[in-house]
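Have a look at model14.cif below; it lists mmCIF, C-alpha atoms.
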```cif
data_query
#
loop_
_atom_site.label_atom_id
_atom_site.label_comp_id
_atom_site.auth_asym_id
_atom_site.auth_seq_id
_atom_site.Cartn_x
_atom_site.Cartn_y
_atom_site.Cartn_z
CA MET A 1 0.00 0.00 0.00
CA SER A 2 2.75 2.43 0.95
CA ASN A 3 4.49 2.52 -2.44
CA LYS A 4 1.21 3.01 -4.24
CA GLU A 5 0.22 6.57 -4.99
CA LYS A 6 -2.71 7.71 -2.94
CA GLU A 7 -5.86 8.36 -4.92
CA PRO A 8 -7.38 11.83 -4.42
CA ILE A 9 -10.70 11.80 -2.58
CA PHE A 10 -12.60 13.23 -5.53
CA SER A 11 -10.74 11.58 -8.39
CA ALA A 12 -12.51 11.38 -11.74
CA LYS A 13 -13.29 7.74 -11.00
CA ASN A 14 -14.85 8.50 -7.63
CA PHE A 15 -16.77 11.43 -9.04
CA LYS A 16 -18.23 9.13 -11.65
CA LEU A 17 -19.51 6.82 -8.90
CA LEU A 18 -21.57 9.72 -7.70
CA THR A 19 -22.89 10.94 -11.05
CA THR A 20 -23.58 7.90 -13.23
CA PRO A 21 -26.45 6.63 -11.04
CA LEU A 22 -28.13 9.99 -11.62
CA SER A 23 -28.17 9.49 -15.38
CA THR A 24 -26.69 6.68 -17.45
CA ASN A 25 -26.83 4.06 -14.73
CA ASN A 26 -29.93 5.14 -12.84
CA PRO A 27 -31.17 2.39 -10.51
CA ILE A 28 -34.81 2.91 -11.52
CA THR A 29 -34.82 3.87 -15.19
CA ILE A 30 -31.84 1.79 -16.34
CA GLN A 31 -31.52 -1.08 -13.88
CA VAL A 32 -35.26 -1.10 -13.16
CA LEU A 33 -34.78 -1.79 -9.44
CA GLY A 34 -36.77 -0.43 -6.51
CA ILE A 35 -39.86 -0.03 -8.66
CA CYS A 36 -42.29 -1.19 -5.94
CA SER A 37 -41.70 1.74 -3.61
CA ALA A 38 -41.46 4.10 -6.58
CA LEU A 39 -45.05 3.20 -7.41
CA ALA A 40 -46.38 3.28 -3.87
CA ILE A 41 -45.20 6.58 -2.46
CA THR A 42 -45.13 8.92 -5.45
CA VAL A 43 -48.69 10.19 -5.13
CA LYS A 44 -47.47 13.22 -3.19
CA LEU A 45 -44.16 15.05 -3.31
CA LYS A 46 -43.55 15.27 0.43
CA PRO A 47 -43.50 11.55 1.37
CA ALA A 48 -41.48 10.89 -1.80
CA LEU A 49 -38.89 13.41 -0.70
CA VAL A 50 -38.62 12.05 2.84
CA MET A 51 -38.47 8.51 1.51
CA ALA A 52 -35.65 9.53 -0.84
CA LEU A 53 -33.69 11.07 2.04
CA SER A 54 -34.17 7.99 4.23
CA VAL A 55 -33.03 5.68 1.45
CA ILE A 56 -29.98 7.85 0.78
CA ALA A 57 -29.06 7.70 4.48
CA VAL A 58 -29.55 3.94 4.78
CA ILE A 59 -27.81 3.02 1.52
CA SER A 60 -24.71 5.18 2.13
CA VAL A 61 -24.19 4.07 5.71
CA SER A 62 -24.80 0.37 4.99
CA ASN A 63 -22.45 0.57 2.01
CA VAL A 64 -19.73 1.97 4.27
CA VAL A 65 -20.31 -0.66 6.98
CA ILE A 66 -20.23 -3.55 4.53
CA ALA A 67 -17.21 -2.14 2.69
CA ALA A 68 -15.32 -1.76 5.97
CA LEU A 69 -16.12 -5.35 6.94
CA ARG A 70 -15.76 -6.83 3.46
CA ASN A 71 -12.60 -8.80 4.26
CA TYR A 72 -14.10 -10.30 7.41
CA ILE A 73 -17.52 -11.31 6.14
CA PRO A 74 -17.64 -15.03 5.38
CA GLU A 75 -18.87 -15.49 1.83
CA ARG A 76 -21.39 -18.16 2.75
CA ILE A 77 -23.38 -15.90 5.05
CA ARG A 78 -22.76 -12.57 3.31
CA ILE A 79 -26.39 -12.03 2.26
CA ILE A 80 -27.55 -12.55 5.84
CA VAL A 81 -24.93 -10.11 7.11
CA GLN A 82 -26.01 -7.53 4.53
CA LEU A 83 -29.64 -7.91 5.52
CA VAL A 84 -28.82 -7.58 9.22
CA VAL A 85 -26.91 -4.35 8.56
CA ILE A 86 -29.73 -2.87 6.45
CA ALA A 87 -32.46 -3.94 8.86
CA THR A 88 -30.58 -2.51 11.85
CA LEU A 89 -30.11 0.84 10.15
CA VAL A 90 -33.73 1.01 9.01
CA ILE A 91 -35.01 0.26 12.51
CA LEU A 92 -32.69 2.92 13.93
CA VAL A 93 -33.90 5.46 11.36
CA ASP A 94 -37.50 4.54 12.18
CA GLN A 95 -36.97 4.86 15.95
CA ILE A 96 -35.15 8.17 15.63
CA LEU A 97 -37.85 9.60 13.36
CA LYS A 98 -40.51 8.48 15.86
CA ALA A 99 -38.70 10.23 18.70
CA TYR A 100 -37.53 13.44 17.03
CA ALA A 101 -39.47 13.86 13.78
CA PHE A 102 -42.86 12.46 14.64
CA ASP A 103 -44.76 14.14 11.80
CA VAL A 104 -42.34 12.87 9.18
CA SER A 105 -42.49 9.40 10.68
CA LYS A 106 -46.29 9.50 10.43
CA GLN A 107 -46.08 10.58 6.79
CA LEU A 108 -43.87 7.65 5.89
CA SER A 109 -45.50 5.10 8.18
CA VAL A 110 -45.00 1.59 6.79
CA PHE A 111 -42.71 2.65 3.99
CA VAL A 112 -39.80 3.15 6.37
CA GLY A 113 -39.90 -0.56 7.18
CA LEU A 114 -40.11 -1.32 3.49
CA ILE A 115 -36.71 0.28 2.89
CA ILE A 116 -35.32 -3.05 4.12
CA THR A 117 -36.72 -4.79 1.07
CA ASN A 118 -35.58 -2.15 -1.40
CA CYS A 119 -33.62 -4.11 -3.99
CA ILE A 120 -31.35 -1.16 -4.80
CA ILE A 121 -29.74 -1.30 -1.36
CA MET A 122 -29.11 -5.05 -1.39
CA GLY A 123 -27.93 -4.72 -4.99
CA ARG A 124 -25.35 -2.07 -4.18
CA LEU A 125 -24.05 -3.96 -1.13
CA GLU A 126 -23.65 -7.15 -3.11
CA ALA A 127 -22.33 -5.61 -6.33
CA PHE A 128 -20.20 -2.78 -5.02
CA ALA A 129 -19.55 -2.58 -1.29
CA MET A 130 -18.35 -6.20 -1.03
CA ALA A 131 -15.49 -5.41 -3.43
CA ASN A 132 -14.56 -1.81 -2.70
CA LYS A 133 -13.13 0.41 0.00
CA PRO A 134 -15.45 2.40 2.30
CA TRP A 135 -14.99 5.83 0.67
CA PRO A 136 -15.90 4.79 -2.92
CA ALA A 137 -18.68 2.66 -1.41
CA PHE A 138 -20.02 5.71 0.39
CA LEU A 139 -20.05 7.72 -2.85
CA ASP A 140 -21.67 4.86 -4.67
CA GLY A 141 -24.39 4.68 -2.03
CA LEU A 142 -24.92 8.41 -2.11
CA GLY A 143 -25.14 8.39 -5.91
CA ASN A 144 -27.54 5.50 -6.13
CA GLY A 145 -29.73 6.85 -3.35
CA ALA A 146 -29.85 10.20 -5.10
CA GLY A 147 -30.58 8.56 -8.45
CA TYR A 148 -33.49 6.73 -6.88
CA GLY A 149 -34.67 9.91 -5.16
CA LEU A 150 -34.44 11.94 -8.34
CA ILE A 151 -36.87 9.68 -10.18
CA LEU A 152 -39.17 9.57 -7.14
CA VAL A 153 -39.30 13.36 -7.05
CA ILE A 154 -39.93 13.69 -10.81
CA VAL A 155 -42.70 11.09 -10.77
CA SER A 156 -44.38 12.46 -7.67
CA PHE A 157 -44.17 16.01 -9.00
CA PHE A 158 -46.25 15.10 -12.04
CA ARG A 159 -48.61 12.80 -10.16
CA GLU A 160 -49.33 15.38 -7.46
CA LEU A 161 -49.70 18.24 -9.96
CA LEU A 162 -51.98 16.41 -12.37
CA GLY A 163 -53.76 14.18 -9.86
CA SER A 164 -54.36 16.51 -6.92
CA GLY A 165 -53.61 19.91 -8.45
CA THR A 166 -51.00 20.76 -5.84
CA ILE A 167 -47.21 20.94 -5.57
CA TYR A 168 -45.81 20.02 -2.16
CA GLY A 169 -49.31 20.60 -0.79
CA TYR A 170 -49.58 24.09 -2.33
CA PRO A 171 -52.74 24.42 -4.46
CA VAL A 172 -51.18 25.77 -7.68
CA ILE A 173 -54.06 24.91 -10.01
CA GLU A 174 -56.56 26.62 -7.71
CA LYS A 175 -54.37 29.72 -7.42
CA LEU A 176 -54.00 29.87 -11.19
CA GLY A 177 -57.79 29.81 -11.40
CA LEU A 178 -57.87 26.88 -13.83
CA TYR A 179 -60.80 25.19 -12.05
CA SER A 180 -63.07 28.12 -12.83
CA ILE A 181 -62.50 27.69 -16.57
CA GLY A 182 -63.41 24.02 -16.49
CA TYR A 183 -60.12 22.26 -15.69
CA GLU A 184 -60.43 19.10 -13.61
CA ASN A 185 -57.86 16.96 -11.81
CA ASN A 186 -57.12 13.64 -13.43
CA GLY A 187 -58.14 11.07 -10.81
CA MET A 188 -56.25 8.37 -12.67
CA MET A 189 -52.91 10.01 -11.83
CA ILE A 190 -53.28 9.07 -8.18
CA LEU A 191 -53.75 5.38 -8.94
CA PRO A 192 -50.64 3.14 -8.91
CA PRO A 193 -50.66 2.17 -12.63
CA MET A 194 -50.02 5.78 -13.62
CA ALA A 195 -46.75 5.72 -11.68
CA LEU A 196 -45.62 2.87 -13.90
CA ILE A 197 -46.62 4.81 -16.99
CA VAL A 198 -44.82 7.95 -15.81
CA VAL A 199 -41.68 5.90 -15.08
CA GLY A 200 -42.07 4.38 -18.55
CA LEU A 201 -42.27 7.84 -20.10
CA ILE A 202 -39.11 8.92 -18.25
CA ILE A 203 -37.30 5.82 -19.55
CA TRP A 204 -38.53 6.64 -23.07
CA VAL A 205 -37.38 10.26 -22.91
CA GLN A 206 -34.02 9.25 -21.44
CA ARG A 207 -33.35 6.64 -24.11
CA GLY A 208 -34.57 8.97 -26.82
CA ALA A 209 -32.06 11.57 -25.72
CA ASP A 210 -29.15 9.18 -25.20
CA LYS A 211 -28.97 6.56 -27.93
CA SER A 212 -26.07 4.75 -26.27
CA LEU A 213 -28.53 3.41 -23.68
CA ILE A 214 -30.43 1.41 -26.28
CA GLU A 215 -29.32 -2.22 -26.31
CA ASP A 216 -28.04 -3.83 -29.55
CA LYS A 217 -30.44 -6.24 -31.10
CA MET B 218 -11.96 -14.36 -1.36
CA ARG B 219 -10.61 -15.83 1.86
CA LYS B 220 -11.87 -19.20 2.96
CA PHE B 221 -13.45 -19.16 6.41
CA SER B 222 -13.85 -22.07 8.75
CA ASN B 223 -17.24 -23.05 10.18
CA ARG B 224 -15.97 -22.03 13.58
CA TYR B 225 -15.17 -18.53 12.31
CA ILE B 226 -18.61 -18.21 10.69
CA PHE B 227 -20.29 -19.30 13.90
CA ILE B 228 -18.36 -16.84 16.04
CA PHE B 229 -18.83 -14.06 13.48
CA SER B 230 -22.62 -14.49 13.44
CA THR B 231 -22.84 -14.67 17.23
CA VAL B 232 -20.81 -11.52 17.72
CA MET B 233 -22.77 -9.72 15.02
CA VAL B 234 -26.13 -10.65 16.53
CA VAL B 235 -25.07 -9.62 20.03
CA ILE B 236 -23.76 -6.24 18.83
CA VAL B 237 -26.87 -5.54 16.79
CA ALA B 238 -29.20 -6.62 19.58
CA SER B 239 -27.53 -4.42 22.18
CA LEU B 240 -27.45 -1.49 19.78
CA LEU B 241 -31.15 -1.77 19.04
CA SER B 242 -32.26 -2.30 22.62
CA LEU B 243 -30.12 0.62 23.72
CA ALA B 244 -31.71 2.82 21.06
CA ALA B 245 -35.20 1.63 21.98
CA THR B 246 -34.67 2.30 25.69
CA LEU B 247 -33.09 5.72 25.19
CA LEU B 248 -35.69 6.90 22.70
CA GLN B 249 -38.75 5.50 24.47
CA PRO B 250 -39.55 8.52 26.69
CA ALA B 251 -39.43 10.87 23.70
CA GLN B 252 -41.59 8.53 21.64
CA GLU B 253 -44.21 8.12 24.36
CA ARG B 254 -44.35 11.85 24.85
CA ASN B 255 -44.96 12.24 21.11
CA LEU B 256 -47.84 9.76 21.24
CA GLU B 257 -49.42 11.54 24.19
CA ILE B 258 -49.21 14.91 22.44
CA GLU B 259 -50.60 13.33 19.30
CA LYS B 260 -53.58 11.95 21.21
CA LYS B 261 -54.36 15.32 22.78
CA LYS B 262 -53.95 17.06 19.45
CA SER B 263 -56.39 14.67 17.72
CA MET B 264 -58.97 15.15 20.46
CA LEU B 265 -58.73 18.91 20.08
CA GLU B 266 -59.12 18.64 16.32
CA SER B 267 -62.32 16.65 16.78
CA ILE B 268 -63.84 19.63 18.61
CA ARG B 269 -62.64 21.96 15.83
CA VAL B 270 -59.81 23.47 17.87
CA PRO B 271 -56.76 23.69 15.61
CA ALA B 272 -53.75 22.67 17.70
CA THR B 273 -50.07 22.34 16.92
CA ARG B 274 -47.70 19.93 18.60
CA LYS B 275 -46.41 22.85 20.67
CA ASN B 276 -49.65 24.12 22.17
CA ALA B 277 -51.62 20.84 22.22
CA VAL B 278 -50.95 20.11 25.90
CA ASP B 279 -51.98 23.59 27.09
CA LEU B 280 -55.07 23.67 24.89
CA TYR B 281 -56.05 20.20 26.06
CA ASP B 282 -55.99 21.35 29.69
CA LYS B 283 -58.05 24.37 28.72
CA TYR B 284 -60.74 22.68 26.61
CA ILE B 285 -61.16 19.15 27.94
CA THR B 286 -63.20 19.50 31.09
CA GLY B 287 -63.52 15.90 32.21
CA SER B 288 -63.46 12.27 31.26
CA PHE B 289 -64.95 8.98 32.43
CA VAL B 290 -65.25 5.37 31.37
CA LEU B 291 -68.48 3.50 30.62
CA ASN B 292 -69.35 -0.12 30.16
CA THR B 293 -71.53 -1.22 27.26
CA LYS B 294 -74.71 -0.83 29.39
CA GLY B 295 -73.95 2.86 29.71
CA GLU B 296 -72.95 2.71 33.40
CA VAL B 297 -70.05 4.83 34.61
CA LEU B 298 -67.11 2.84 35.98
CA GLU B 299 -65.09 4.24 38.86
CA ASN B 300 -61.30 4.24 39.18
CA VAL B 301 -60.45 3.97 35.50
CA ASP B 302 -58.54 6.74 33.78
CA ALA B 303 -60.13 7.34 30.38
CA PHE B 304 -56.95 8.80 28.88
CA THR B 305 -54.95 5.63 29.44
CA VAL B 306 -57.55 3.25 28.00
CA VAL B 307 -56.16 1.67 24.82
CA LEU B 308 -59.10 1.06 22.53
CA ARG B 309 -57.33 -1.63 20.50
CA ASN B 310 -56.84 -3.75 23.61
CA GLU B 311 -60.44 -3.18 24.73
CA GLN B 312 -61.77 -4.44 21.42
CA LYS B 313 -60.13 -7.79 22.03
CA LYS B 314 -62.11 -8.29 25.26
CA PRO B 315 -65.63 -9.72 25.47
CA LEU B 316 -68.20 -6.98 24.84
CA GLU B 317 -69.50 -6.72 28.42
CA GLU B 318 -65.98 -6.23 29.84
CA GLN B 319 -64.95 -3.47 27.46
CA TYR B 320 -64.11 0.01 28.72
CA LEU B 321 -65.67 2.82 26.71
CA PRO B 322 -63.94 6.18 27.30
CA VAL B 323 -65.84 9.48 27.02
CA PHE B 324 -64.23 12.92 27.15
CA MET B 325 -66.27 16.02 27.91
CA SER B 326 -65.38 19.41 26.56
CA VAL B 327 -66.72 22.90 26.03
CA PRO B 328 -65.40 24.12 22.67
CA ASP B 329 -65.78 27.60 21.21
CA ASN B 330 -69.48 27.16 20.43
CA GLY B 331 -70.12 27.20 24.19
CA GLU B 332 -72.00 23.90 24.28
CA GLN B 333 -71.00 20.81 26.20
CA VAL B 334 -69.83 18.18 23.70
CA ALA B 335 -68.91 14.54 24.25
CA ILE B 336 -65.86 13.12 22.50
CA LEU B 337 -65.86 9.41 21.68
CA PRO B 338 -62.77 7.56 20.47
CA VAL B 339 -63.13 5.17 17.52
CA GLU B 340 -60.77 2.58 16.10
CA GLY B 341 -61.01 0.10 13.24
CA LYS B 342 -59.24 -1.40 10.26
CA GLY B 343 -58.31 0.31 7.00
CA LEU B 344 -56.62 -1.34 4.03
CA TRP B 345 -53.09 -1.76 5.40
CA GLY B 346 -53.53 -1.32 9.13
CA PRO B 347 -55.43 0.37 11.93
CA ILE B 348 -57.38 3.58 11.43
CA TYR B 349 -58.59 5.61 14.41
CA GLY B 350 -59.95 8.93 15.47
CA TYR B 351 -62.38 10.90 17.61
CA VAL B 352 -65.99 11.89 17.04
CA SER B 353 -67.50 14.76 19.02
CA LEU B 354 -71.25 14.99 19.57
CA LEU B 355 -73.44 17.97 20.40
CA PRO B 356 -75.63 17.77 23.56
CA ASP B 357 -78.46 16.08 21.61
CA MET B 358 -76.03 13.11 21.39
CA ASN B 359 -77.06 12.74 17.78
CA THR B 360 -75.48 15.55 15.76
CA ILE B 361 -71.77 15.30 14.98
CA TYR B 362 -69.90 18.48 15.93
CA GLY B 363 -66.57 17.45 14.51
CA VAL B 364 -64.41 14.44 13.71
CA THR B 365 -60.76 13.66 13.31
CA PHE B 366 -59.32 10.54 11.74
CA ASP B 367 -55.87 9.16 11.39
CA HIS B 368 -54.22 6.02 10.17
CA LYS B 369 -51.11 3.94 10.56
CA GLY B 370 -50.26 3.13 6.98
CA GLU B 371 -52.96 3.92 4.43
CA THR B 372 -51.74 4.76 0.91
CA PRO B 373 -50.68 8.43 0.59
CA GLY B 374 -53.05 10.32 -1.69
CA LEU B 375 -55.69 7.56 -1.52
CA GLY B 376 -56.83 6.03 1.77
CA ALA B 377 -54.56 8.39 3.68
CA GLU B 378 -56.87 11.24 2.68
CA ILE B 379 -59.16 10.34 5.61
CA ASN B 380 -57.09 12.64 7.82
CA THR B 381 -57.51 15.65 5.55
CA THR B 382 -59.78 18.57 6.38
CA TRP B 383 -61.95 18.25 3.27
CA PHE B 384 -62.91 14.72 4.22
CA GLU B 385 -63.35 15.34 7.95
CA SER B 386 -65.39 18.51 7.46
CA MET B 387 -68.03 16.57 5.51
CA PHE B 388 -69.03 14.93 8.79
CA HIS B 389 -70.05 18.21 10.43
CA ASP B 390 -73.75 18.26 11.37
CA LYS B 391 -74.40 14.70 10.20
CA LYS B 392 -76.77 12.70 12.43
CA LEU B 393 -76.18 9.29 14.00
CA PHE B 394 -79.83 8.41 14.70
CA ASP B 395 -82.67 8.09 12.21
CA ASN B 396 -85.68 8.73 14.50
CA GLU B 397 -84.92 6.24 17.27
CA GLU B 398 -82.75 3.89 15.26
CA PHE B 399 -78.94 4.05 15.32
CA VAL B 400 -77.76 4.23 11.70
CA SER B 401 -74.35 5.93 12.03
CA VAL B 402 -72.88 7.77 9.01
CA LYS B 403 -72.39 5.95 5.72
CA VAL B 404 -69.48 6.58 3.35
CA VAL B 405 -70.92 6.49 -0.17
CA LYS B 406 -68.87 5.62 -3.25
CA GLY B 407 -69.59 7.87 -6.21
CA GLY B 408 -70.67 10.76 -4.00
CA ALA B 409 -73.35 11.18 -1.35
CA ASP B 410 -76.45 13.32 -1.74
CA THR B 411 -75.57 16.62 -0.04
CA ASN B 412 -78.98 16.71 1.66
CA ASP B 413 -78.52 13.25 3.17
CA ILE B 414 -77.81 13.71 6.87
CA HIS B 415 -76.53 10.15 7.27
CA SER B 416 -73.86 9.93 4.56
CA VAL B 417 -70.69 11.51 3.19
CA ASP B 418 -68.60 11.03 0.00
CA ALA B 419 -66.11 8.19 -0.14
CA ILE B 420 -62.52 8.74 -1.32
CA SER B 421 -61.69 7.89 -4.94
CA GLY B 422 -59.12 5.12 -5.01
CA GLY B 423 -59.58 4.55 -1.28
CA THR B 424 -62.64 2.31 -1.27
CA ILE B 425 -61.42 -0.24 1.26
CA THR B 426 -60.27 2.48 3.65
CA SER B 427 -63.61 4.28 3.22
CA LYS B 428 -65.57 1.11 3.92
CA GLY B 429 -63.34 0.35 6.91
CA LEU B 430 -64.02 3.81 8.25
CA GLU B 431 -67.77 3.36 7.86
CA LYS B 432 -67.59 0.05 9.73
CA MET B 433 -65.39 1.60 12.43
CA LEU B 434 -67.89 4.40 13.06
CA PHE B 435 -70.81 2.02 13.32
CA ASP B 436 -69.09 -0.66 15.41
CA CYS B 437 -67.52 1.73 17.91
CA ILE B 438 -70.36 4.18 18.43
CA VAL B 439 -73.14 1.57 18.61
CA LYS B 440 -71.57 0.40 21.88
CA TYR B 441 -72.43 3.81 23.36
CA GLU B 442 -76.04 3.60 22.14
CA ASP B 443 -77.66 3.24 25.61
CA TYR B 444 -75.61 6.09 27.02
CA LEU B 445 -76.34 8.36 24.05
CA ILE B 446 -80.12 7.77 24.28
CA GLU B 447 -80.24 8.31 28.05
CA ASN B 448 -78.22 11.52 28.04
CA ARG B 449 -79.91 13.42 25.27
CA ASN B 450 -80.63 17.07 25.94
#
```

Please, can you express the file's structure as structure tokens?
Amino acid sequence: MSNKEKEPIFSAKNFKLLTTPLSTNNPITIQVLGICSALAITVKLKPALVMALSVIAVISVSNVVIAALRNYIPERIRIIVQLVVIATLVILVDQILKAYAFDVSKQLSVFVGLIITNCIIMGRLEAFAMANKPWPAFLDGLGNGAGYGLILVIVSFFRELLGSGTIYGYPVIEKLGLYSIGYENNGMMILPPMALIVVGLIIWVQRGADKSLIEDK
Amino acid sequence: MRKFSNRYIFIFSTVMVVIVASLLSLAATLLQPAQERNLEIEKKKSMLESIRVPATRKNAVDLYDKYITGSFVLNTKGEVLENVDAFTVVLRNEQKKPLEEQYLPVFMSVPDNGEQVAILPVEGKGLWGPIYGYVSLLPDMNTIYGVTFDHKGETPGLGAEINTTWFESMFHDKKLFDNEEFVSVKVVKGGADTNDIHSVDAISGGTITSKGLEKMLFDCIVKYEDYLIENRN
């Protein structure tokens, strides 16, 4: 280790870990992981935002823990160890929210517990943290969490605006006076299938704009 | 990757489990007082909302002391039971008991309209978990003054809408009794007739929660029927 040149903290390679999950390697639109929660909590912007923050926290910390222990975790029980780490962190987040951010915890309710089953987190632990040092693993977690959160926010923005006529609870459509000229909210936007369609549209737009994402036949 | 012996794996798992268990129990013990305090404030806040007193988490305790004038516990025959604190009765546990042993809490209050109202707690099942709330009744023990509902894990934007003002305010001035018969308030899919004093609109996309709420209102309040009839003013 000593004769090797030390890599700068924000080398190009590390920086990429942070940015590719936001675009060309997005966990939702490219890897199509974590779809279940993306459908469930994107009716309103606020729970989506809090969910995104919780996932970012859990995925970065668990990535660091697993990366730090990677040489000591027996391969045969690695999945169990990963699950234990994730579950512990999620329970801690849940307990802390209940004690110090009660309103937020009420907003998220069961979805906090469901972070445990989010495939993105397990996927990153297994694919990245088990083979990398803590710092890159932290960036990878941060990037993937943010990539997940980005899609959540985009989807919930459109679903809340078109389905309930509000943005972050603020009644934009009413203030613009669109109801008085005959505009109506689209009730279908608040139903789960529309989340799938909005995610589909995002995937379409993304692939339309970046042809390199389209697989060869 | 290194090869690990069975012995190592066994020790590794044991140590891991012990560390995690102590960490979690430590967190649970340290955070418990703060969590319980939050629940108590939440309960007081909900009760105040059911008598149309807007409260925040900060002023809920003071407002509760100001507005809630008394409380007592009934049995299903409408008799008052001594030595039971209504505030500490957990409705979910009561509902598991046989009907005649159940405690039915009542809270009395004088809200801003100057009349003496009775607040009844309700609890039932939504789509994903429990739903609960408070219903306040005017002195005729028939007209609803206000309601507040909440839920553990209903879908945001759908069933979770039961705790929004637009839904709760529809219950104002609805009646529980049709002549002498207890009919409660129905939640009607597709929209209720605005002149119907026994029904309100259901929530689009939240049918199971709406139906659960309707059942909760009927099942919980019907237990108070004797008391409500006897104490009409």

Between A:Ile41, A:Phe102, A:Gln82, A:Val112, which residue has the minimum interatomic distance to Glu257 (chain B), considering all atoms listed in the file?
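For Glu257 (chain B), the nearest of the given residues is A:Phe102.
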
Could you please give me, as a CSV table (one decimal) with C-alpha atoms, in the coordinates of the input, the residues of protein, DNA or RNA lying at most 12 Å from (-32.3, -1.1, 11.4) in the coordinate frame of the file, considering all atoms listed in the file?
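Result file follows (selection.csv):
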```csv
chain,number,residue,atom,x,y,z
A,54,SER,CA,-34.2,8.0,4.2
A,57,ALA,CA,-29.1,7.7,4.5
A,58,VAL,CA,-29.6,3.9,4.8
A,59,ILE,CA,-27.8,3.0,1.5
A,61,VAL,CA,-24.2,4.1,5.7
A,62,SER,CA,-24.8,0.4,5.0
A,82,GLN,CA,-26.0,-7.5,4.5
A,83,LEU,CA,-29.6,-7.9,5.5
A,84,VAL,CA,-28.8,-7.6,9.2
A,85,VAL,CA,-26.9,-4.4,8.6
A,86,ILE,CA,-29.7,-2.9,6.4
A,87,ALA,CA,-32.5,-3.9,8.9
A,88,THR,CA,-30.6,-2.5,11.8
A,89,LEU,CA,-30.1,0.8,10.2
A,90,VAL,CA,-33.7,1.0,9.0
A,91,ILE,CA,-35.0,0.3,12.5
A,92,LEU,CA,-32.7,2.9,13.9
A,93,VAL,CA,-33.9,5.5,11.4
A,94,ASP,CA,-37.5,4.5,12.2
A,95,GLN,CA,-37.0,4.9,16.0
A,96,ILE,CA,-35.2,8.2,15.6
A,112,VAL,CA,-39.8,3.2,6.4
A,113,GLY,CA,-39.9,-0.6,7.2
A,114,LEU,CA,-40.1,-1.3,3.5
A,115,ILE,CA,-36.7,0.3,2.9
A,116,ILE,CA,-35.3,-3.0,4.1
A,117,THR,CA,-36.7,-4.8,1.1
B,237,VAL,CA,-26.9,-5.5,16.8
B,238,ALA,CA,-29.2,-6.6,19.6
B,240,LEU,CA,-27.4,-1.5,19.8
B,241,LEU,CA,-31.2,-1.8,19.0
B,242,SER,CA,-32.3,-2.3,22.6
B,244,ALA,CA,-31.7,2.8,21.1
B,245,ALA,CA,-35.2,1.6,22.0
```

Selection result for the PyMOL selection byres ((chain A) within 9 of (chain B)) on this file, as a PyMOL selection string
chain A and resi 40-44+47+71-77+81+84-85+88+91-92+95-96+98-100+102+106-111+160+164+187-188+190-191

I'd like to know which of B:Lys391, B:Arg449, B:Arg269, B:Arg309 is closest to Ile414 (chain B), using all atoms listed in the file.
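Among the listed residues, the smallest separation from Ile414 (chain B) belongs to B:Lys391.
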
For the structure provided, state which residues fall under the PyMOL selection byres ((chain B and resi 281) around 12), and present them as a PyMOL selection string.
chain B and resi 257-268+270-280+282-287+304+324-328

Take the selection from the previous step and output its residues with C-alpha atoms, as a short mmCIF file (atom, residue, chain, number, x, y, z; two decimals), in the coordinates of the input.
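New file again.cif:
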```cif
data_model
loop_
_atom_site.label_atom_id
_atom_site.label_comp_id
_atom_site.auth_asym_id
_atom_site.auth_seq_id
_atom_site.Cartn_x
_atom_site.Cartn_y
_atom_site.Cartn_z
CA GLU B 257 -49.42 11.54 24.19
CA ILE B 258 -49.21 14.91 22.44
CA GLU B 259 -50.60 13.33 19.30
CA LYS B 260 -53.58 11.95 21.21
CA LYS B 261 -54.36 15.32 22.78
CA LYS B 262 -53.95 17.06 19.45
CA SER B 263 -56.39 14.67 17.72
CA MET B 264 -58.97 15.15 20.46
CA LEU B 265 -58.73 18.91 20.08
CA GLU B 266 -59.12 18.64 16.32
CA SER B 267 -62.32 16.65 16.78
CA ILE B 268 -63.84 19.63 18.61
CA VAL B 270 -59.81 23.47 17.87
CA PRO B 271 -56.76 23.69 15.61
CA ALA B 272 -53.75 22.67 17.70
CA THR B 273 -50.07 22.34 16.92
CA ARG B 274 -47.70 19.93 18.60
CA LYS B 275 -46.41 22.85 20.67
CA ASN B 276 -49.65 24.12 22.17
CA ALA B 277 -51.62 20.84 22.22
CA VAL B 278 -50.95 20.11 25.90
CA ASP B 279 -51.98 23.59 27.09
CA LEU B 280 -55.07 23.67 24.89
CA ASP B 282 -55.99 21.35 29.69
CA LYS B 283 -58.05 24.37 28.72
CA TYR B 284 -60.74 22.68 26.61
CA ILE B 285 -61.16 19.15 27.94
CA THR B 286 -63.20 19.50 31.09
CA GLY B 287 -63.52 15.90 32.21
CA PHE B 304 -56.95 8.80 28.88
CA PHE B 324 -64.23 12.92 27.15
CA MET B 325 -66.27 16.02 27.91
CA SER B 326 -65.38 19.41 26.56
CA VAL B 327 -66.72 22.90 26.03
CA PRO B 328 -65.40 24.12 22.67
#
```

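The coordinates place CA of Glu299 (chain B) at 18.8 Å from CA of Pro338 (chain B).
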
Interatomic distance (Å, one decimal) between CA of Val404 (chain B) and CA of Leu355 (chain B)
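About the pair CA of Val404 (chain B) and CA of Leu355 (chain B): they are 20.9 Å apart.
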
Selection under test: the PyMOL selection byres ((chain A and resi 120) around 9); residues as a PyMOL selection string
chain A and resi 27-28+33-34+59+117-119+121-125+144-145+148

Take the point (-77.0, -3.4, 18.2) as written in the file and pick out every residue within 10 Å of it, counting all atoms listed in the file; give the list as a VMD selection string.
chain B and resid 398 to 399 435 to 436 439 to 443
